[in-house]
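Text of my_file27.pdb, listed as PDB, C-alpha atoms:
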```pdb
MODEL        1
ATOM      1  CA  MET A 781     -38.713 -86.535   7.386  1.00  0.00           C
ATOM      2  CA  ALA A 782     -37.364 -83.479   5.602  1.00  0.00           C
ATOM      3  CA  THR A 783     -36.860 -80.448   7.767  1.00  0.00           C
ATOM      4  CA  ILE A 784     -39.507 -77.781   7.211  1.00  0.00           C
ATOM      5  CA  LYS A 785     -37.796 -74.480   6.567  1.00  0.00           C
ATOM      6  CA  SER A 786     -39.058 -71.394   8.304  1.00  0.00           C
ATOM      7  CA  ALA A 787     -40.336 -68.378   6.394  1.00  0.00           C
ATOM      8  CA  LEU A 788     -37.246 -66.481   7.580  1.00  0.00           C
ATOM      9  CA  GLU A 789     -34.888 -69.142   6.225  1.00  0.00           C
ATOM     10  CA  LEU A 790     -36.680 -69.123   2.884  1.00  0.00           C
ATOM     11  CA  ALA A 791     -36.530 -65.339   2.704  1.00  0.00           C
ATOM     12  CA  LEU A 792     -32.816 -65.337   3.507  1.00  0.00           C
ATOM     13  CA  GLU A 793     -32.162 -67.893   0.787  1.00  0.00           C
ATOM     14  CA  ARG A 794     -34.009 -65.797  -1.788  1.00  0.00           C
ATOM     15  CA  THR A 795     -32.096 -62.630  -0.907  1.00  0.00           C
ATOM     16  CA  LYS A 796     -28.598 -63.980  -0.233  1.00  0.00           C
ATOM     17  CA  ASN A 797     -27.398 -63.200  -3.758  1.00  0.00           C
ATOM     18  CA  LEU A 798     -28.851 -59.713  -3.903  1.00  0.00           C
ATOM     19  CA  THR A 799     -26.381 -56.851  -3.898  1.00  0.00           C
ATOM     20  CA  ILE A 800     -26.978 -53.351  -2.609  1.00  0.00           C
ATOM     21  CA  ASP A 801     -26.243 -50.476  -4.958  1.00  0.00           C
ATOM     22  CA  GLU A 802     -24.471 -48.314  -2.399  1.00  0.00           C
ATOM     23  CA  ALA A 803     -24.140 -45.373  -4.792  1.00  0.00           C
ATOM     24  CA  SER A 804     -27.912 -45.325  -5.319  1.00  0.00           C
ATOM     25  CA  VAL A 805     -28.496 -45.501  -1.571  1.00  0.00           C
ATOM     26  CA  ARG A 806     -26.155 -42.564  -0.946  1.00  0.00           C
ATOM     27  CA  ALA A 807     -27.780 -40.569  -3.746  1.00  0.00           C
ATOM     28  CA  SER A 808     -31.222 -41.230  -2.294  1.00  0.00           C
ATOM     29  CA  GLU A 809     -30.044 -40.102   1.134  1.00  0.00           C
ATOM     30  CA  ALA A 810     -28.517 -36.929  -0.312  1.00  0.00           C
ATOM     31  CA  ARG A 811     -31.710 -36.147  -2.198  1.00  0.00           C
ATOM     32  CA  THR A 812     -33.751 -36.603   0.986  1.00  0.00           C
ATOM     33  CA  GLU A 813     -31.377 -34.270   2.821  1.00  0.00           C
ATOM     34  CA  GLY A 814     -31.836 -31.741   0.026  1.00  0.00           C
ATOM     35  CA  LYS A 815     -35.600 -31.924   0.424  1.00  0.00           C
ATOM     36  CA  LYS A 816     -35.298 -31.376   4.160  1.00  0.00           C
ATOM     37  CA  ALA A 817     -32.996 -28.402   3.596  1.00  0.00           C
ATOM     38  CA  ALA A 818     -35.483 -26.863   1.154  1.00  0.00           C
ATOM     39  CA  GLY A 819     -38.316 -27.325   3.654  1.00  0.00           C
ATOM     40  CA  LYS A 820     -36.236 -25.645   6.343  1.00  0.00           C
ATOM     41  CA  PHE A 821     -35.430 -22.786   3.970  1.00  0.00           C
ATOM     42  CA  LEU A 822     -39.107 -22.227   3.147  1.00  0.00           C
ATOM     43  CA  GLU A 823     -40.000 -22.223   6.833  1.00  0.00           C
ATOM     44  CA  ASP A 824     -37.211 -19.848   7.858  1.00  0.00           C
ATOM     45  CA  SER A 825     -34.938 -18.590   5.103  1.00  0.00           C
ATOM     46  CA  GLU A 826     -32.498 -17.135   7.643  1.00  0.00           C
ATOM     47  CA  SER A 827     -31.875 -20.517   9.235  1.00  0.00           C
ATOM     48  CA  ILE A 828     -29.971 -21.959   6.274  1.00  0.00           C
ATOM     49  CA  LYS A 829     -27.854 -20.633   3.417  1.00  0.00           C
ATOM     50  CA  LEU A 830     -28.600 -22.850   0.453  1.00  0.00           C
ATOM     51  CA  ALA A 831     -25.528 -21.849  -1.563  1.00  0.00           C
ATOM     52  CA  ALA A 832     -23.271 -22.783   1.359  1.00  0.00           C
ATOM     53  CA  ALA A 833     -25.209 -25.999   2.008  1.00  0.00           C
ATOM     54  CA  ILE A 834     -24.758 -27.064  -1.620  1.00  0.00           C
ATOM     55  CA  ALA A 835     -21.068 -26.136  -1.636  1.00  0.00           C
ATOM     56  CA  ALA A 836     -20.511 -28.169   1.529  1.00  0.00           C
ATOM     57  CA  ARG A 837     -21.641 -31.381  -0.163  1.00  0.00           C
ATOM     58  CA  SER A 838     -19.125 -33.804  -1.567  1.00  0.00           C
ATOM     59  CA  ALA A 839     -18.787 -33.907  -5.348  1.00  0.00           C
ATOM     60  CA  GLU A 840     -20.418 -37.333  -5.275  1.00  0.00           C
ATOM     61  CA  SER A 841     -23.590 -36.233  -3.485  1.00  0.00           C
ATOM     62  CA  ARG A 842     -23.944 -32.629  -4.650  1.00  0.00           C
ATOM     63  CA  GLU A 843     -26.180 -33.259  -7.657  1.00  0.00           C
ATOM     64  CA  ALA A 844     -28.577 -35.481  -5.716  1.00  0.00           C
ATOM     65  CA  PHE A 845     -28.721 -32.870  -2.950  1.00  0.00           C
ATOM     66  CA  ARG A 846     -29.446 -30.131  -5.519  1.00  0.00           C
ATOM     67  CA  LYS A 847     -32.190 -32.270  -7.039  1.00  0.00           C
ATOM     68  CA  GLY A 848     -33.836 -32.684  -3.644  1.00  0.00           C
ATOM     69  CA  LEU A 849     -33.759 -28.919  -3.163  1.00  0.00           C
ATOM     70  CA  PHE A 850     -35.171 -28.335  -6.631  1.00  0.00           C
ATOM     71  CA  ASP A 851     -38.012 -30.842  -6.243  1.00  0.00           C
ATOM     72  CA  VAL A 852     -39.349 -29.205  -3.076  1.00  0.00           C
ATOM     73  CA  LEU A 853     -38.920 -25.637  -4.311  1.00  0.00           C
ATOM     74  CA  VAL A 854     -40.498 -26.180  -7.724  1.00  0.00           C
ATOM     75  CA  ALA A 855     -43.414 -28.041  -6.100  1.00  0.00           C
ATOM     76  CA  GLN A 856     -44.468 -24.671  -4.631  1.00  0.00           C
ATOM     77  CA  ILE A 857     -45.400 -23.556  -8.144  1.00  0.00           C
ATOM     78  CA  GLN A 858     -49.056 -24.563  -8.132  1.00  0.00           C
ATOM     79  CA  LEU A 859     -52.274 -22.773  -9.014  1.00  0.00           C
ATOM     80  CA  PRO A 860     -53.576 -20.800  -6.019  1.00  0.00           C
ATOM     81  CA  SER A 861     -56.464 -22.334  -4.128  1.00  0.00           C
ATOM     82  CA  GLY A 862     -57.409 -19.148  -2.281  1.00  0.00           C
ATOM     83  CA  GLU A 863     -57.847 -15.466  -2.951  1.00  0.00           C
ATOM     84  CA  SER A 864     -54.168 -14.641  -3.279  1.00  0.00           C
ATOM     85  CA  ALA A 865     -51.065 -15.995  -4.954  1.00  0.00           C
ATOM     86  CA  PRO A 866     -48.764 -18.182  -2.824  1.00  0.00           C
ATOM     87  CA  GLY A 867     -46.737 -15.931  -0.542  1.00  0.00           C
ATOM     88  CA  LYS A 868     -43.441 -17.767  -0.857  1.00  0.00           C
ATOM     89  CA  MET A 869     -42.619 -17.037  -4.485  1.00  0.00           C
ATOM     90  CA  ASP A 870     -39.791 -14.685  -3.434  1.00  0.00           C
ATOM     91  CA  LEU A 871     -38.210 -17.486  -1.429  1.00  0.00           C
ATOM     92  CA  VAL A 872     -38.816 -19.970  -4.224  1.00  0.00           C
ATOM     93  CA  GLY A 873     -37.029 -17.644  -6.636  1.00  0.00           C
ATOM     94  CA  LYS A 874     -34.063 -17.180  -4.311  1.00  0.00           C
ATOM     95  CA  GLY A 875     -33.835 -20.879  -3.594  1.00  0.00           C
ATOM     96  CA  LEU A 876     -34.002 -21.874  -7.238  1.00  0.00           C
ATOM     97  CA  GLY A 877     -31.413 -19.208  -8.001  1.00  0.00           C
ATOM     98  CA  ALA A 878     -29.013 -20.888  -5.574  1.00  0.00           C
ATOM     99  CA  VAL A 879     -29.745 -24.274  -7.160  1.00  0.00           C
ATOM    100  CA  ALA A 880     -29.122 -22.877 -10.664  1.00  0.00           C
ATOM    101  CA  GLU A 881     -25.918 -21.136  -9.578  1.00  0.00           C
ATOM    102  CA  ALA A 882     -24.510 -24.443  -8.313  1.00  0.00           C
ATOM    103  CA  ALA A 883     -25.233 -26.285 -11.565  1.00  0.00           C
ATOM    104  CA  PRO A 884     -22.167 -27.834 -13.235  1.00  0.00           C
ATOM    105  CA  GLN A 885     -21.805 -25.366 -16.080  1.00  0.00           C
ATOM    106  CA  PRO A 886     -19.516 -22.431 -17.039  1.00  0.00           C
ATOM    107  CA  ALA A 887     -19.668 -19.291 -14.911  1.00  0.00           C
ATOM    108  CA  GLY A 888     -21.212 -17.210 -17.696  1.00  0.00           C
ATOM    109  CA  ALA A 889     -23.956 -19.743 -18.231  1.00  0.00           C
ATOM    110  CA  LYS A 890     -24.619 -19.872 -14.479  1.00  0.00           C
ATOM    111  CA  ALA A 891     -25.077 -16.096 -14.284  1.00  0.00           C
ATOM    112  CA  ALA A 892     -27.508 -16.155 -17.200  1.00  0.00           C
ATOM    113  CA  ALA A 893     -29.415 -19.091 -15.700  1.00  0.00           C
ATOM    114  CA  VAL A 894     -29.762 -17.366 -12.316  1.00  0.00           C
ATOM    115  CA  LYS A 895     -31.094 -14.241 -14.027  1.00  0.00           C
ATOM    116  CA  HIS A 896     -33.580 -16.217 -16.117  1.00  0.00           C
ATOM    117  CA  VAL A 897     -34.757 -18.161 -13.061  1.00  0.00           C
ATOM    118  CA  ALA A 898     -35.529 -14.913 -11.223  1.00  0.00           C
ATOM    119  CA  GLU A 899     -37.382 -13.514 -14.248  1.00  0.00           C
ATOM    120  CA  LEU A 900     -39.386 -16.683 -14.747  1.00  0.00           C
ATOM    121  CA  VAL A 901     -40.427 -16.928 -11.102  1.00  0.00           C
ATOM    122  CA  ARG A 902     -41.591 -13.278 -11.205  1.00  0.00           C
ATOM    123  CA  GLN A 903     -43.625 -14.062 -14.309  1.00  0.00           C
ATOM    124  CA  VAL A 904     -45.134 -17.082 -12.561  1.00  0.00           C
ATOM    125  CA  GLU A 905     -46.179 -14.939  -9.588  1.00  0.00           C
ATOM    126  CA  MET A 906     -47.843 -12.410 -11.909  1.00  0.00           C
ATOM    127  CA  PHE A 907     -49.490 -15.285 -13.766  1.00  0.00           C
ATOM    128  CA  MET A 908     -50.930 -16.627 -10.508  1.00  0.00           C
ATOM    129  CA  THR A 909     -52.379 -13.221  -9.637  1.00  0.00           C
ATOM    130  CA  ARG A 910     -53.975 -12.978 -13.073  1.00  0.00           C
ATOM    131  CA  TYR A 911     -55.342 -16.497 -12.663  1.00  0.00           C
ATOM    132  CA  ILE A 912     -57.170 -15.482  -9.480  1.00  0.00           C
ATOM    133  CA  ASP A 913     -58.778 -12.495 -11.228  1.00  0.00           C
ATOM    134  CA  ASP A 914     -59.651 -14.544 -14.309  1.00  0.00           C
ATOM    135  CA  MET A 915     -61.263 -17.322 -12.259  1.00  0.00           C
ATOM    136  CA  LYS A 916     -63.462 -14.770 -10.498  1.00  0.00           C
ATOM    137  CA  GLN A 917     -64.696 -13.713 -13.923  1.00  0.00           C
ATOM    138  CA  VAL A 918     -65.216 -17.336 -14.927  1.00  0.00           C
ATOM    139  CA  ASP A 919     -67.241 -17.924 -11.763  1.00  0.00           C
ATOM    140  CA  GLN A 920     -69.447 -14.901 -12.486  1.00  0.00           C
ATOM    141  CA  ALA A 921     -69.931 -15.891 -16.130  1.00  0.00           C
ATOM    142  CA  ILE A 922     -71.001 -19.429 -15.171  1.00  0.00           C
ATOM    143  CA  ARG A 923     -73.488 -18.163 -12.587  1.00  0.00           C
ATOM    144  CA  THR A 924     -74.891 -15.579 -15.025  1.00  0.00           C
ATOM    145  CA  GLN A 925     -75.333 -18.233 -17.701  1.00  0.00           C
ATOM    146  CA  TRP A 926     -77.111 -20.517 -15.238  1.00  0.00           C
ATOM    147  CA  ALA A 927     -79.310 -17.782 -13.724  1.00  0.00           C
ATOM    148  CA  PRO A 928     -82.380 -18.299 -15.986  1.00  0.00           C
ATOM    149  CA  LYS A 929     -82.427 -22.021 -15.220  1.00  0.00           C
ATOM    150  CA  LEU A 930     -81.982 -21.340 -11.502  1.00  0.00           C
ATOM    151  CA  ARG A 931     -84.903 -18.889 -11.502  1.00  0.00           C
ATOM    152  CA  GLU A 932     -87.101 -21.462 -13.245  1.00  0.00           C
ATOM    153  CA  LYS A 933     -86.190 -24.094 -10.659  1.00  0.00           C
ATOM    154  CA  GLU A 934     -86.978 -21.606  -7.877  1.00  0.00           C
ATOM    155  CA  ARG A 935     -90.335 -20.812  -9.510  1.00  0.00           C
ATOM    156  CA  GLN A 936     -91.236 -24.495  -9.678  1.00  0.00           C
ATOM    157  CA  ALA A 937     -90.111 -25.117  -6.096  1.00  0.00           C
ATOM    158  CA  SER A 938     -92.095 -22.082  -4.886  1.00  0.00           C
ATOM    159  CA  ALA A 939     -95.212 -23.384  -6.641  1.00  0.00           C
ATOM    160  CA  ARG A 940     -94.844 -26.779  -4.978  1.00  0.00           C
ATOM    161  CA  MET A 941     -94.134 -25.359  -1.502  1.00  0.00           C
ATOM    162  CA  GLY A 942     -96.691 -22.573  -1.618  1.00  0.00           C
ATOM    163  CA  ARG A 943     -94.082 -20.033  -0.546  1.00  0.00           C
ATOM    164  CA  GLU A 944     -91.114 -18.247  -2.034  1.00  0.00           C
ATOM    165  CA  VAL A 945     -88.054 -20.499  -2.323  1.00  0.00           C
ATOM    166  CA  ARG A 946     -84.465 -19.454  -2.919  1.00  0.00           C
ATOM    167  CA  LEU A 947     -82.062 -22.177  -4.035  1.00  0.00           C
ATOM    168  CA  ASP A 948     -78.314 -22.429  -3.504  1.00  0.00           C
ATOM    169  CA  PRO A 949     -77.003 -23.268  -6.975  1.00  0.00           C
ATOM    170  CA  MET A 950     -74.032 -25.202  -5.565  1.00  0.00           C
ATOM    171  CA  ALA A 951     -76.487 -27.542  -3.805  1.00  0.00           C
ATOM    172  CA  ASP A 952     -77.968 -28.436  -7.206  1.00  0.00           C
ATOM    173  CA  PRO A 953     -76.123 -31.500  -8.626  1.00  0.00           C
ATOM    174  CA  GLU A 954     -76.893 -30.358 -12.176  1.00  0.00           C
ATOM    175  CA  PHE A 955     -75.358 -26.926 -11.586  1.00  0.00           C
ATOM    176  CA  ALA A 956     -72.437 -28.398  -9.624  1.00  0.00           C
ATOM    177  CA  ALA A 957     -71.568 -30.657 -12.573  1.00  0.00           C
ATOM    178  CA  PHE A 958     -71.974 -27.758 -15.037  1.00  0.00           C
ATOM    179  CA  TYR A 959     -69.821 -25.523 -12.835  1.00  0.00           C
ATOM    180  CA  LYS A 960     -67.051 -28.101 -12.410  1.00  0.00           C
ATOM    181  CA  GLN A 961     -66.916 -28.852 -16.135  1.00  0.00           C
ATOM    182  CA  ASN A 962     -66.516 -25.193 -17.071  1.00  0.00           C
ATOM    183  CA  VAL A 963     -64.033 -24.399 -14.287  1.00  0.00           C
ATOM    184  CA  ASP A 964     -61.921 -27.444 -15.162  1.00  0.00           C
ATOM    185  CA  THR A 965     -61.870 -26.346 -18.797  1.00  0.00           C
ATOM    186  CA  ALA A 966     -60.755 -22.854 -17.821  1.00  0.00           C
ATOM    187  CA  ARG A 967     -58.096 -24.189 -15.442  1.00  0.00           C
ATOM    188  CA  SER A 968     -56.550 -26.599 -17.932  1.00  0.00           C
ATOM    189  CA  GLY A 969     -54.720 -23.892 -19.867  1.00  0.00           C
ATOM    190  CA  TYR A 970     -53.234 -22.442 -16.680  1.00  0.00           C
ATOM    191  CA  ILE A 971     -52.129 -25.886 -15.492  1.00  0.00           C
ATOM    192  CA  GLN A 972     -50.341 -26.517 -18.789  1.00  0.00           C
ATOM    193  CA  ALA A 973     -48.625 -23.125 -18.571  1.00  0.00           C
ATOM    194  CA  LEU A 974     -47.292 -23.881 -15.080  1.00  0.00           C
ATOM    195  CA  GLU A 975     -46.096 -27.295 -16.212  1.00  0.00           C
ATOM    196  CA  GLY A 976     -44.161 -25.521 -18.952  1.00  0.00           C
ATOM    197  CA  ALA A 977     -42.666 -23.115 -16.401  1.00  0.00           C
ATOM    198  CA  ARG A 978     -41.548 -25.997 -14.178  1.00  0.00           C
ATOM    199  CA  THR A 979     -39.931 -27.692 -17.192  1.00  0.00           C
ATOM    200  CA  ASP A 980     -38.094 -24.477 -18.100  1.00  0.00           C
ATOM    201  CA  LEU A 981     -36.891 -24.086 -14.516  1.00  0.00           C
ATOM    202  CA  ALA A 982     -35.592 -27.644 -14.516  1.00  0.00           C
ATOM    203  CA  THR A 983     -33.555 -26.886 -17.618  1.00  0.00           C
ATOM    204  CA  LEU A 984     -32.215 -23.636 -16.166  1.00  0.00           C
ATOM    205  CA  CYS A 985     -31.180 -25.469 -12.990  1.00  0.00           C
ATOM    206  CA  GLY A 986     -29.298 -28.074 -14.979  1.00  0.00           C
ATOM    207  CA  PHE A 987     -31.764 -30.943 -14.808  1.00  0.00           C
ATOM    208  CA  ALA A 988     -33.057 -32.719 -17.880  1.00  0.00           C
ATOM    209  CA  PRO A 989     -36.882 -32.360 -18.100  1.00  0.00           C
TER
ENDMDL
END
```
Reformat the file's structure so that it appears as C-alpha cells.
Amino acid sequence: MATIKSALELALERTKNLTIDEASVRASEARTEGKKAAGKFLEDSESIKLAAAIAARSAESREAFRKGLFDVLVAQIQLPSGESAPGKMDLVGKGLGAVAEAAPQPAGAKAAAVKHVAELVRQVEMFMTRYIDDMKQVDQAIRTQWAPKLREKERQASARMGREVRLDPMADPEFAAFYKQNVDTARSGYIQALEGARTDLATLCGFAP
C-alpha cells in the first residue's frame, strides 16, 4: 500500500522550490521601522530626531525607512471629526520636512521642497479650520431647510398623542438620510482637496504619487 503523505509533507513539497526575496523582506522591515519611528515622533517629538534617524540608515534601507515615515505622517492629514483641527499639524510639517530633506535630490531642490512642504502643511491646517466652520453652516442650513417638515410632523404627532410633542430630527430616519446625503455632498470637495494635498506632499518628499 502506498504511504499516505502527511499534510506537512505535502506542504513542504509544494514550497521547496520557492525562493525568498531577501531585498523585499529587508525593505519591508525598514518601512515598518520607519512607521514605528514616525509614531514615536508624533507621541513625543523630543524622543527622536528624524533627520538623524534617516541619516543613520544604510543606503539600501534608507528609502524604505523614509517611506514608512511618510506614510504615517501623511495619514494624519484627514478631515477633522471634532470641533477643532488636528493638533499635530506642526509636528506633521516638521516630520515631513525631515523626510523631504533626506530625499535623493540636489541640495537646492531639497531646500525648495522643505519650504514647500511647510507652506503646504500650513495651508492644510487653515483648510481644516475653514472646513469646521463651513460644516457648521452646512448643518444649520440643512436643519433650517427641514424645519417646516419637522414642524408638520410634530403637529401630526401632537394631534395623535393629545399633547404637545417635540421631535429630535436625528431620530427621524427620513431626516437622517436627508442629512447624511447633504453632508456627504458637502464633504466630498474637501476630501478631494486633501487627497490632492497628500499627492503633492508625496511628490515633494520624493515619492511618485
Worksheet item: Which residues fall under the PyMOL selection byres ((chain A and resi 904-906) around 9) in this file, as a list of chain:residue names?
Response: A:Ile857, A:Ala865, A:Pro866, A:Met869, A:Asp870, A:Glu899, A:Leu900, A:Val901, A:Arg902, A:Gln903, A:Phe907, A:Met908, A:Thr909, A:Arg910, A:Tyr911, A:Leu974, A:Ala977
Spatial neighbours of A:Val918, max dist 9 Å, all atoms listed in the file, sep filter under 3 positions, as an mmCIF file with C-alpha atoms, keeping the file's coordinate frame:
```
data_model
loop_
_atom_site.group_PDB
_atom_site.id
_atom_site.type_symbol
_atom_site.label_atom_id
_atom_site.label_comp_id
_atom_site.auth_asym_id
_atom_site.auth_seq_id
_atom_site.Cartn_x
_atom_site.Cartn_y
_atom_site.Cartn_z
ATOM 1 C CA ASP A 913 -58.778 -12.495 -11.228
ATOM 2 C CA ASP A 914 -59.651 -14.544 -14.309
ATOM 3 C CA MET A 915 -61.263 -17.322 -12.259
ATOM 4 C CA ALA A 921 -69.931 -15.891 -16.130
ATOM 5 C CA ILE A 922 -71.001 -19.429 -15.171
ATOM 6 C CA ARG A 923 -73.488 -18.163 -12.587
ATOM 7 C CA ASN A 962 -66.516 -25.193 -17.071
ATOM 8 C CA VAL A 963 -64.033 -24.399 -14.287
ATOM 9 C CA ALA A 966 -60.755 -22.854 -17.821
#
```
Worksheet item: So how far away is atom CA of A:Ala882 from atom CA of A:Gln856, in Å?
Response: 20.3 Å
Item to complete: Check what the PyMOL selection byres ((chain A and resi 877) around 9) selects in the file above and give those residues as a ChimeraX atom specification.
Response: /A:872-876,878-882,893-898,985
Worksheet item: Can you tell me, as a list in words, what residues are no more than 12 Å from A:Ala855 when counting only C-alpha atoms, ignoring any on the same chain fewer than 2 positions away?
Response: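 So, after excluding close chain neighbours, the residues are Lys815, Ala818, Gly819, Leu822, Gly848, Leu849, Phe850, Asp851, Val852, Leu853, Ile857, Gln858, Leu859, Pro866, Lys868, Met869, Val872, Leu876, Leu974, Glu975, Ala977, Arg978, Thr979, Leu981 and Ala982 of chain A.
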Write the residues of the preceding selection, restricted to C-alpha atoms, as a PDB file, in the frame of the given file.
```pdb
ATOM      1  CA  LYS A 815     -35.600 -31.924   0.424  1.00  0.00           C
ATOM      2  CA  ALA A 818     -35.483 -26.863   1.154  1.00  0.00           C
ATOM      3  CA  GLY A 819     -38.316 -27.325   3.654  1.00  0.00           C
ATOM      4  CA  LEU A 822     -39.107 -22.227   3.147  1.00  0.00           C
ATOM      5  CA  GLY A 848     -33.836 -32.684  -3.644  1.00  0.00           C
ATOM      6  CA  LEU A 849     -33.759 -28.919  -3.163  1.00  0.00           C
ATOM      7  CA  PHE A 850     -35.171 -28.335  -6.631  1.00  0.00           C
ATOM      8  CA  ASP A 851     -38.012 -30.842  -6.243  1.00  0.00           C
ATOM      9  CA  VAL A 852     -39.349 -29.205  -3.076  1.00  0.00           C
ATOM     10  CA  LEU A 853     -38.920 -25.637  -4.311  1.00  0.00           C
ATOM     11  CA  ILE A 857     -45.400 -23.556  -8.144  1.00  0.00           C
ATOM     12  CA  GLN A 858     -49.056 -24.563  -8.132  1.00  0.00           C
ATOM     13  CA  LEU A 859     -52.274 -22.773  -9.014  1.00  0.00           C
ATOM     14  CA  PRO A 866     -48.764 -18.182  -2.824  1.00  0.00           C
ATOM     15  CA  LYS A 868     -43.441 -17.767  -0.857  1.00  0.00           C
ATOM     16  CA  MET A 869     -42.619 -17.037  -4.485  1.00  0.00           C
ATOM     17  CA  VAL A 872     -38.816 -19.970  -4.224  1.00  0.00           C
ATOM     18  CA  LEU A 876     -34.002 -21.874  -7.238  1.00  0.00           C
ATOM     19  CA  LEU A 974     -47.292 -23.881 -15.080  1.00  0.00           C
ATOM     20  CA  GLU A 975     -46.096 -27.295 -16.212  1.00  0.00           C
ATOM     21  CA  ALA A 977     -42.666 -23.115 -16.401  1.00  0.00           C
ATOM     22  CA  ARG A 978     -41.548 -25.997 -14.178  1.00  0.00           C
ATOM     23  CA  THR A 979     -39.931 -27.692 -17.192  1.00  0.00           C
ATOM     24  CA  LEU A 981     -36.891 -24.086 -14.516  1.00  0.00           C
ATOM     25  CA  ALA A 982     -35.592 -27.644 -14.516  1.00  0.00           C
TER      26      ALA A 982
END
```
Practice prompt. Given the file shown, enumerate the residues that the PyMOL selection byres ((chain A and resi 840) around 12) captures and present them as a list in words.
Written response: Ala803, Ser804, Arg806, Ala807, Ser808, Glu809, Ala810, Arg811, Ile834, Ala835, Ala836, Arg837, Ser838, Ala839, Ser841, Arg842, Glu843, Ala844, Phe845 and Arg846 of chain A
Worksheet item: For A:Gln920, which residue out of A:Glu944, A:Gly969, A:Leu830, A:Tyr959 is the nearest one, using only C-alpha atoms?
Response: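 Distance minimum relative to A:Gln920 lands on A:Tyr959.
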Fill in: One-decimal distance in Å that lies between atom CA of A:Ala988 and atom CA of A:Thr965
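Atom CA of A:Ala988 lies 29.5 Å from atom CA of A:Thr965.
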Taking every listed atom of stretch 899-905 of chain A and adding 8 Å to each side, what centre and edge lengths in Å (one decimal) does the axis-aligned box have, as lines of an AutoDock Vina configuration file?
```
center_x = -41.8
center_y = -15.2
center_z = -12.2
size_x = 24.8
size_y = 19.8
size_z = 21.2
```
Item to complete: Please provide the set of residues having any atom within 8 Å of stretch 931-935 of chain A, restricted to all atoms listed in the file, with same-chain residues fewer than 3 positions apart removed, written as a PyMOL selection string.
Response: chain A and resi 927-928+938-939+944-947
Fill in: Option closest in space to A:Asp980, from A:Pro884, A:Pro953, A:Gln925, A:Val854 [counting all atoms listed in the file]
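Going through A:Pro884, A:Pro953, A:Gln925, A:Val854 one by one, the smallest distance to A:Asp980 is for A:Val854.
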Worksheet entry | Option closest in space to A:Thr924, from A:Glu823, A:Pro949, A:Thr983, A:Lys890 [counting all atoms listed in the file] |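 So, comparing all the options, the nearest one is A:Pro949.
Separating atom CA of A:Gly862 from atom CA of A:Asp964 is a distance of 16.0 Å.
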Item to complete: Have a look at A:Ser825, A:Ser861, A:Gln885, A:Thr812 and name the one nearest to A:Leu984; count only C-alpha atoms.
Response: A:Gln885
Practice prompt. Can you work out which one of A:Ala832, A:Leu871, A:Ala973, A:Ala951 has the shortest atom-to-atom distance to A:Leu930, counting all atoms listed in the file?
Written response: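 Among the listed residues, A:Ala951 lies closest to A:Leu930.
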